[in-house]
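File shown: query17.cif (mmCIF, C-alpha atoms and all ligand atoms; chains and numbers go by the auth columns).
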```
data_target
#
loop_
_atom_site.group_PDB
_atom_site.id
_atom_site.type_symbol
_atom_site.label_atom_id
_atom_site.label_comp_id
_atom_site.label_asym_id
_atom_site.label_seq_id
_atom_site.Cartn_x
_atom_site.Cartn_y
_atom_site.Cartn_z
_atom_site.B_iso_or_equiv
_atom_site.auth_seq_id
_atom_site.auth_asym_id
ATOM 1 C CA MET A 1 70.931 28.603 -34.056 0.00 258 A
ATOM 2 C CA ASN A 2 67.465 27.690 -35.167 0.00 259 A
ATOM 3 C CA ILE A 3 64.822 30.004 -36.507 0.00 260 A
ATOM 4 C CA ALA A 4 62.609 29.851 -33.409 0.00 261 A
ATOM 5 C CA THR A 5 65.362 31.099 -31.070 0.00 262 A
ATOM 6 C CA ALA A 6 67.059 33.636 -33.360 0.00 263 A
ATOM 7 C CA PRO A 7 66.883 36.940 -31.447 0.00 264 A
ATOM 8 C CA ASN A 8 66.605 39.341 -34.398 0.00 265 A
ATOM 9 C CA LEU A 9 64.603 37.176 -36.764 0.00 266 A
ATOM 10 C CA ARG A 10 60.960 38.117 -36.990 0.00 267 A
ATOM 11 C CA LEU A 11 58.854 36.654 -39.695 0.00 268 A
ATOM 12 C CA THR A 12 55.561 37.957 -40.943 0.00 269 A
ATOM 13 C CA ARG A 13 52.772 35.427 -41.220 0.00 270 A
ATOM 14 C CA ARG A 14 53.209 35.495 -45.032 0.00 271 A
ATOM 15 C CA GLN A 15 56.974 34.865 -44.775 0.00 272 A
ATOM 16 C CA PHE A 16 56.391 32.002 -42.351 0.00 273 A
ATOM 17 C CA LEU A 17 53.862 30.333 -44.689 0.00 274 A
ATOM 18 C CA LEU A 18 56.173 30.691 -47.715 0.00 275 A
ATOM 19 C CA LEU A 19 59.080 29.248 -45.735 0.00 276 A
ATOM 20 C CA THR A 20 57.164 26.213 -44.482 0.00 277 A
ATOM 21 C CA ALA A 21 55.606 25.567 -47.910 0.00 278 A
ATOM 22 C CA GLY A 22 59.097 25.606 -49.439 0.00 279 A
ATOM 23 C CA LEU A 23 60.396 23.156 -46.850 0.00 280 A
ATOM 24 C CA ALA A 24 57.457 20.814 -47.422 0.00 281 A
ATOM 25 C CA ALA A 25 57.998 20.906 -51.204 0.00 282 A
ATOM 26 C CA GLY A 26 61.657 20.066 -50.710 0.00 283 A
ATOM 27 C CA CYS A 27 60.766 17.028 -48.614 0.00 284 A
ATOM 28 C CA GLN A 28 58.293 15.761 -51.202 0.00 285 A
ATOM 29 C CA SER A 29 60.708 16.006 -54.125 0.00 286 A
ATOM 30 C CA GLY A 30 63.055 13.641 -52.298 0.00 287 A
ATOM 31 C CA ASN A 31 60.389 10.943 -52.153 0.00 288 A
ATOM 32 C CA ASN A 32 60.504 10.336 -55.913 0.00 289 A
ATOM 33 C CA ASP A 33 63.972 8.862 -55.606 0.00 290 A
ATOM 34 C CA ALA A 34 63.424 7.054 -52.313 0.00 291 A
ATOM 35 C CA HIS A 35 63.410 3.524 -53.757 0.00 292 A
ATOM 36 C CA PRO A 36 65.346 3.478 -57.037 0.00 293 A
ATOM 37 C CA ALA A 37 65.992 -0.265 -56.748 0.00 294 A
ATOM 38 C CA ALA A 38 62.237 -0.914 -56.922 0.00 295 A
ATOM 39 C CA ARG A 39 62.154 0.579 -60.443 0.00 296 A
ATOM 40 C CA THR A 40 64.877 -1.392 -62.159 0.00 297 A
ATOM 41 C CA GLU A 41 64.316 -3.444 -65.270 0.00 298 A
ATOM 42 C CA GLN A 42 64.730 -7.153 -64.577 0.00 299 A
ATOM 43 C CA MET A 43 66.898 -8.777 -67.242 0.00 300 A
ATOM 44 C CA ILE A 44 67.413 -12.538 -67.505 0.00 301 A
ATOM 45 C CA ASP A 45 70.430 -14.062 -69.231 0.00 302 A
ATOM 46 C CA ALA A 46 68.897 -17.115 -70.915 0.00 303 A
ATOM 47 C CA GLY A 47 72.277 -18.377 -72.112 0.00 304 A
ATOM 48 C CA PRO A 48 73.889 -18.735 -75.530 0.00 305 A
ATOM 49 C CA ALA A 49 71.434 -18.128 -78.380 0.00 306 A
ATOM 50 C CA GLY A 50 72.940 -21.224 -80.020 0.00 307 A
ATOM 51 C CA ASP A 51 71.267 -23.317 -77.312 0.00 308 A
ATOM 52 C CA PHE A 52 67.953 -22.492 -79.006 0.00 309 A
ATOM 53 C CA ALA A 53 68.942 -23.372 -82.578 0.00 310 A
ATOM 54 C CA ALA A 54 66.317 -26.067 -83.155 0.00 311 A
ATOM 55 C CA GLU A 55 62.684 -25.214 -83.877 0.00 312 A
ATOM 56 C CA GLY A 56 60.499 -25.621 -80.824 0.00 313 A
ATOM 57 C CA VAL A 57 59.467 -24.386 -77.398 0.00 314 A
ATOM 58 C CA TYR A 58 62.052 -24.250 -74.621 0.00 315 A
ATOM 59 C CA SER A 59 60.384 -24.331 -71.232 0.00 316 A
ATOM 60 C CA ARG A 60 63.395 -24.235 -68.898 0.00 317 A
ATOM 61 C CA PHE A 61 62.547 -20.626 -67.931 0.00 318 A
ATOM 62 C CA ARG A 62 58.872 -21.289 -67.255 0.00 319 A
ATOM 63 C CA ASP A 63 59.371 -20.738 -63.517 0.00 320 A
ATOM 64 C CA ARG A 64 61.011 -17.388 -64.316 0.00 321 A
ATOM 65 C CA GLY A 65 57.884 -16.423 -66.264 0.00 322 A
ATOM 66 C CA PHE A 66 58.682 -17.042 -69.941 0.00 323 A
ATOM 67 C CA PHE A 67 59.201 -19.556 -72.711 0.00 324 A
ATOM 68 C CA VAL A 68 61.869 -19.245 -75.389 0.00 325 A
ATOM 69 C CA ILE A 69 60.558 -20.117 -78.830 0.00 326 A
ATOM 70 C CA ARG A 70 62.332 -20.761 -82.114 0.00 327 A
ATOM 71 C CA GLN A 71 59.830 -20.705 -84.937 0.00 328 A
ATOM 72 C CA GLY A 72 60.448 -20.159 -88.616 0.00 329 A
ATOM 73 C CA GLY A 73 63.968 -18.929 -87.954 0.00 330 A
ATOM 74 C CA ARG A 74 62.711 -16.385 -85.466 0.00 331 A
ATOM 75 C CA LEU A 75 63.819 -16.525 -81.796 0.00 332 A
ATOM 76 C CA PHE A 76 61.595 -14.838 -79.220 0.00 333 A
ATOM 77 C CA ALA A 77 60.487 -14.975 -75.584 0.00 334 A
ATOM 78 C CA LEU A 78 56.813 -15.386 -74.745 0.00 335 A
ATOM 79 C CA SER A 79 55.254 -14.823 -71.349 0.00 336 A
ATOM 80 C CA ALA A 80 54.501 -18.065 -69.486 0.00 337 A
ATOM 81 C CA ILE A 81 51.879 -16.347 -67.339 0.00 338 A
ATOM 82 C CA CYS A 82 48.211 -16.795 -68.216 0.00 339 A
ATOM 83 C CA THR A 83 46.478 -13.527 -69.022 0.00 340 A
ATOM 84 C CA HIS A 84 43.343 -14.637 -67.173 0.00 341 A
ATOM 85 C CA ARG A 85 44.522 -14.873 -63.559 0.00 342 A
ATOM 86 C CA LYS A 86 48.270 -15.303 -63.811 0.00 343 A
ATOM 87 C CA CYS A 87 48.738 -19.064 -63.451 0.00 344 A
ATOM 88 C CA LYS A 88 51.882 -20.537 -64.984 0.00 345 A
ATOM 89 C CA LEU A 89 51.175 -22.131 -68.350 0.00 346 A
ATOM 90 C CA ILE A 90 52.136 -25.607 -69.501 0.00 347 A
ATOM 91 C CA ALA A 91 53.906 -26.134 -72.826 0.00 348 A
ATOM 92 C CA GLU A 92 52.160 -28.895 -74.751 0.00 349 A
ATOM 93 C CA ARG A 93 53.824 -31.317 -77.187 0.00 350 A
ATOM 94 C CA ASP A 94 52.123 -29.643 -80.165 0.00 351 A
ATOM 95 C CA ARG A 95 53.826 -26.336 -79.152 0.00 352 A
ATOM 96 C CA SER A 96 50.648 -24.792 -77.835 0.00 353 A
ATOM 97 C CA PHE A 97 50.169 -23.719 -74.223 0.00 354 A
ATOM 98 C CA SER A 98 47.462 -24.590 -71.726 0.00 355 A
ATOM 99 C CA CYS A 99 46.530 -23.200 -68.381 0.00 356 A
ATOM 100 C CA PRO A 100 46.055 -25.711 -65.562 0.00 357 A
ATOM 101 C CA CYS A 101 43.848 -23.337 -63.571 0.00 358 A
ATOM 102 C CA HIS A 102 40.795 -22.692 -65.754 0.00 359 A
ATOM 103 C CA GLY A 103 41.639 -24.283 -69.093 0.00 360 A
ATOM 104 C CA SER A 104 42.619 -21.405 -71.356 0.00 361 A
ATOM 105 C CA THR A 105 44.736 -22.371 -74.355 0.00 362 A
ATOM 106 C CA PHE A 106 47.133 -20.408 -76.561 0.00 363 A
ATOM 107 C CA THR A 107 48.980 -20.979 -79.825 0.00 364 A
ATOM 108 C CA ALA A 108 52.770 -21.218 -80.013 0.00 365 A
ATOM 109 C CA THR A 109 52.880 -17.501 -80.736 0.00 366 A
ATOM 110 C CA GLY A 110 50.565 -16.622 -77.835 0.00 367 A
ATOM 111 C CA GLN A 111 47.144 -16.092 -79.427 0.00 368 A
ATOM 112 C CA VAL A 112 44.196 -17.173 -77.284 0.00 369 A
ATOM 113 C CA THR A 113 42.429 -20.215 -78.741 0.00 370 A
ATOM 114 C CA ASP A 114 40.121 -20.909 -75.807 0.00 371 A
ATOM 115 C CA GLY A 115 39.056 -18.887 -72.756 0.00 372 A
ATOM 116 C CA PRO A 116 38.335 -17.737 -70.193 0.00 373 A
ATOM 117 C CA ALA A 117 41.507 -15.750 -71.031 0.00 374 A
ATOM 118 C CA ARG A 118 40.765 -13.014 -73.559 0.00 375 A
ATOM 119 C CA ARG A 119 44.168 -11.413 -74.033 0.00 376 A
ATOM 120 C CA ASP A 120 47.021 -12.944 -75.985 0.00 377 A
ATOM 121 C CA LEU A 121 50.305 -13.704 -74.278 0.00 378 A
ATOM 122 C CA PRO A 122 52.769 -10.854 -74.573 0.00 379 A
ATOM 123 C CA VAL A 123 56.045 -11.309 -76.413 0.00 380 A
ATOM 124 C CA LEU A 124 58.764 -10.094 -74.044 0.00 381 A
ATOM 125 C CA PRO A 125 61.518 -7.760 -75.191 0.00 382 A
ATOM 126 C CA ALA A 126 64.628 -9.807 -75.927 0.00 383 A
ATOM 127 C CA ARG A 127 67.935 -9.357 -77.715 0.00 384 A
ATOM 128 C CA ILE A 128 71.149 -11.201 -78.390 0.00 385 A
ATOM 129 C CA ASN A 129 74.047 -9.355 -76.811 0.00 386 A
ATOM 130 C CA GLU A 130 77.622 -8.929 -78.033 0.00 387 A
ATOM 131 C CA GLN A 131 78.590 -12.257 -76.478 0.00 388 A
ATOM 132 C CA GLY A 132 75.850 -14.083 -78.374 0.00 389 A
ATOM 133 C CA ARG A 133 73.661 -14.599 -75.309 0.00 390 A
ATOM 134 C CA LEU A 134 69.897 -14.230 -75.268 0.00 391 A
ATOM 135 C CA ILE A 135 68.854 -11.490 -72.849 0.00 392 A
ATOM 136 C CA VAL A 136 65.159 -11.303 -71.926 0.00 393 A
ATOM 137 C CA SER A 137 63.501 -8.389 -70.199 0.00 394 A
ATOM 138 C CA LEU A 138 60.791 -9.114 -67.652 0.00 395 A
ATOM 139 C CA GLY A 139 60.029 -5.396 -67.507 0.00 396 A
ATOM 140 C CA ILE A 140 60.190 -2.962 -64.642 0.00 397 A
ATOM 141 C CA GLN A 141 59.985 -4.834 -61.357 0.00 398 A
HETATM 142 S S1 LIG B . 44.382 -18.422 -64.843 0.00 401 B
HETATM 143 FE FE1 LIG B . 44.585 -19.330 -66.783 0.00 401 B
HETATM 144 S S2 LIG B . 42.565 -19.753 -67.403 0.00 401 B
HETATM 145 FE FE2 LIG B . 42.356 -18.819 -65.475 0.00 401 B
#
```

Can the structure in the file be given as structure tokens, please?
Amino acid sequence: MNIATAPNLRLTRRQFLLLTAGLAAGCQSGNNDAHPAARTEQMIDAGPAGDFAAEGVYSRFRDRGFFVIRQGGRLFALSAICTHRKCKLIAERDRSFSCPCHGSTFTATGQVTDGPARRDLPVLPARINEQGRLIVSLGIQ
């Protein structure tokens, strides 16, 4: 039985408005969870941390959007995406980075040394897991 055909159900205008407002609110709250997969953090397993033991820039993950860098005993992941207009950077022999699109350059730790880019490259969250593998977060995708 639906509300419109119920023989003994009479709603005042106020009751009808409250009922429909409640139904609409219920529909909207469901939309927040409609696409949970679109809000997941993208994690990349870069392999055993021991593969990055030597000082230098490892560019094998450039196409995934980051470089792995070992510098001064520190291991970190640096974005490989130019902060100007998002071109993929090139790792140079001197451990700096250059952008093939408009010529911006960055140090090995991501500081801008020449524009047009103005923002430094972000260091990406990374950790070594229990199995000794380097896990890099590309953020919420
Ligand atoms: S996209 Fe890199 S300098 Fe413009």

So what does the PyMOL selection byres (((chain A and resi 353) around 12) and not hetatm) actually pick up in this one, as a PyMOL selection string?
chain A and resi 313-316+324+326+335+337+346-352+354-356+361-371+378

Environment of ligand LIG 401 (chain B) within 9 Å, counting all atoms listed in the file, reported as a list in words:
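After applying the 9 Å limit, what remains is Ile338, Cys339, Thr340, His341, Arg342, Lys343, Cys344, Lys345, Leu346, Ser355, Cys356, Pro357, Cys358, His359, Gly360, Ser361, Thr362, Asp371, Gly372, Pro373 and Ala374 of chain A.
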
Using all atoms listed in the file, pick whichever of A:Ser394, A:Gly329, A:Leu381, A:Ala334 has the shortest atom-to-atom distance to Ala306 of chain A.
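The closest residue to Ala306 of chain A is A:Ala334.
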
Between A:Glu312, A:Phe333, A:Gln328, A:Phe318, smallest distance to Ile385 of chain A by only C-alpha atoms belongs to A:Phe333

Atomic distance atom CA of Arg390 of chain A - atom CA of Gly304 of chain A, expressed in Å with one decimal
5.1 Å

Specify the axis-aligned box that encloses all atoms of segment 354-364 of chain A listed in the file after padding of 3 Å on each side, stating its centre and edge lengths in Å to one decimal as AutoDock Vina command-line options.
```
--center_x 45.5 --center_y -23.1 --center_z -71.7 --size_x 15.4 --size_y 11.3 --size_z 22.3
```

Atom CA of Glu387 of chain A to atom CA of Arg321 of chain A, distance in Å rounded to a single decimal
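Distance reported for this atom pair: 23.1 Å.
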
Could you please determine the separation between atom CA of Ser336 of chain A and atom CA of Asp320 of chain A in Å, to one decimal place?
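Atom-to-atom, atom CA of Ser336 of chain A and atom CA of Asp320 of chain A are spaced 10.6 Å apart.
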
For Ile397 of chain A, find every residue with an atom within 7 Å (counting all atoms listed in the file), except residues of its own chain fewer than 4 positions away, and show them as a list in words.
Arg296, Thr297, Glu298 and Gln299 of chain A

Kindly complete segment 368-382 of chain A to N, CA and C atoms; the output should be written as a PDB file, keeping the file's coordinate frame.
```
ATOM      1  N   GLN A 368      48.536 -16.509 -79.212  1.00  0.00           N
ATOM      2  CA  GLN A 368      47.144 -16.092 -79.427  1.00  0.00           C
ATOM      3  C   GLN A 368      46.201 -17.001 -78.639  1.00  0.00           C
ATOM      4  N   VAL A 369      45.197 -16.408 -78.035  1.00  0.00           N
ATOM      5  CA  VAL A 369      44.196 -17.173 -77.284  1.00  0.00           C
ATOM      6  C   VAL A 369      43.403 -18.032 -78.252  1.00  0.00           C
ATOM      7  N   THR A 370      43.275 -19.333 -77.929  1.00  0.00           N
ATOM      8  CA  THR A 370      42.429 -20.215 -78.741  1.00  0.00           C
ATOM      9  C   THR A 370      41.215 -20.684 -77.958  1.00  0.00           C
ATOM     10  N   ASP A 371      41.282 -20.567 -76.625  1.00  0.00           N
ATOM     11  CA  ASP A 371      40.121 -20.909 -75.807  1.00  0.00           C
ATOM     12  C   ASP A 371      40.233 -20.180 -74.477  1.00  0.00           C
ATOM     13  N   GLY A 372      39.091 -19.671 -73.985  1.00  0.00           N
ATOM     14  CA  GLY A 372      39.056 -18.887 -72.756  1.00  0.00           C
ATOM     15  C   GLY A 372      38.970 -19.737 -71.514  1.00  0.00           C
ATOM     16  N   PRO A 373      38.846 -19.099 -70.380  1.00  0.00           N
ATOM     17  CA  PRO A 373      38.335 -17.737 -70.193  1.00  0.00           C
ATOM     18  C   PRO A 373      39.322 -16.595 -70.486  1.00  0.00           C
ATOM     19  N   ALA A 374      40.590 -16.852 -70.691  1.00  0.00           N
ATOM     20  CA  ALA A 374      41.507 -15.750 -71.031  1.00  0.00           C
ATOM     21  C   ALA A 374      41.029 -15.071 -72.316  1.00  0.00           C
ATOM     22  N   ARG A 375      41.167 -13.778 -72.367  1.00  0.00           N
ATOM     23  CA  ARG A 375      40.765 -13.014 -73.559  1.00  0.00           C
ATOM     24  C   ARG A 375      41.948 -12.341 -74.248  1.00  0.00           C
ATOM     25  N   ARG A 376      43.003 -12.118 -73.484  1.00  0.00           N
ATOM     26  CA  ARG A 376      44.168 -11.413 -74.033  1.00  0.00           C
ATOM     27  C   ARG A 376      45.258 -12.405 -74.412  1.00  0.00           C
ATOM     28  N   ASP A 377      45.896 -12.119 -75.537  1.00  0.00           N
ATOM     29  CA  ASP A 377      47.021 -12.944 -75.985  1.00  0.00           C
ATOM     30  C   ASP A 377      48.195 -12.807 -75.021  1.00  0.00           C
ATOM     31  N   LEU A 378      49.094 -13.771 -75.095  1.00  0.00           N
ATOM     32  CA  LEU A 378      50.305 -13.704 -74.278  1.00  0.00           C
ATOM     33  C   LEU A 378      51.245 -12.663 -74.861  1.00  0.00           C
ATOM     34  N   PRO A 379      51.844 -11.841 -74.031  1.00  0.00           N
ATOM     35  CA  PRO A 379      52.769 -10.854 -74.573  1.00  0.00           C
ATOM     36  C   PRO A 379      54.130 -11.470 -74.935  1.00  0.00           C
ATOM     37  N   VAL A 380      54.660 -10.986 -76.048  1.00  0.00           N
ATOM     38  CA  VAL A 380      56.045 -11.309 -76.413  1.00  0.00           C
ATOM     39  C   VAL A 380      56.916 -10.366 -75.592  1.00  0.00           C
ATOM     40  N   LEU A 381      57.908 -10.910 -74.902  1.00  0.00           N
ATOM     41  CA  LEU A 381      58.764 -10.094 -74.044  1.00  0.00           C
ATOM     42  C   LEU A 381      59.930  -9.524 -74.849  1.00  0.00           C
ATOM     43  N   PRO A 382      60.350  -8.321 -74.505  1.00  0.00           N
ATOM     44  CA  PRO A 382      61.518  -7.760 -75.191  1.00  0.00           C
ATOM     45  C   PRO A 382      62.742  -8.654 -74.964  1.00  0.00           C
TER      46      PRO A 382
END
```
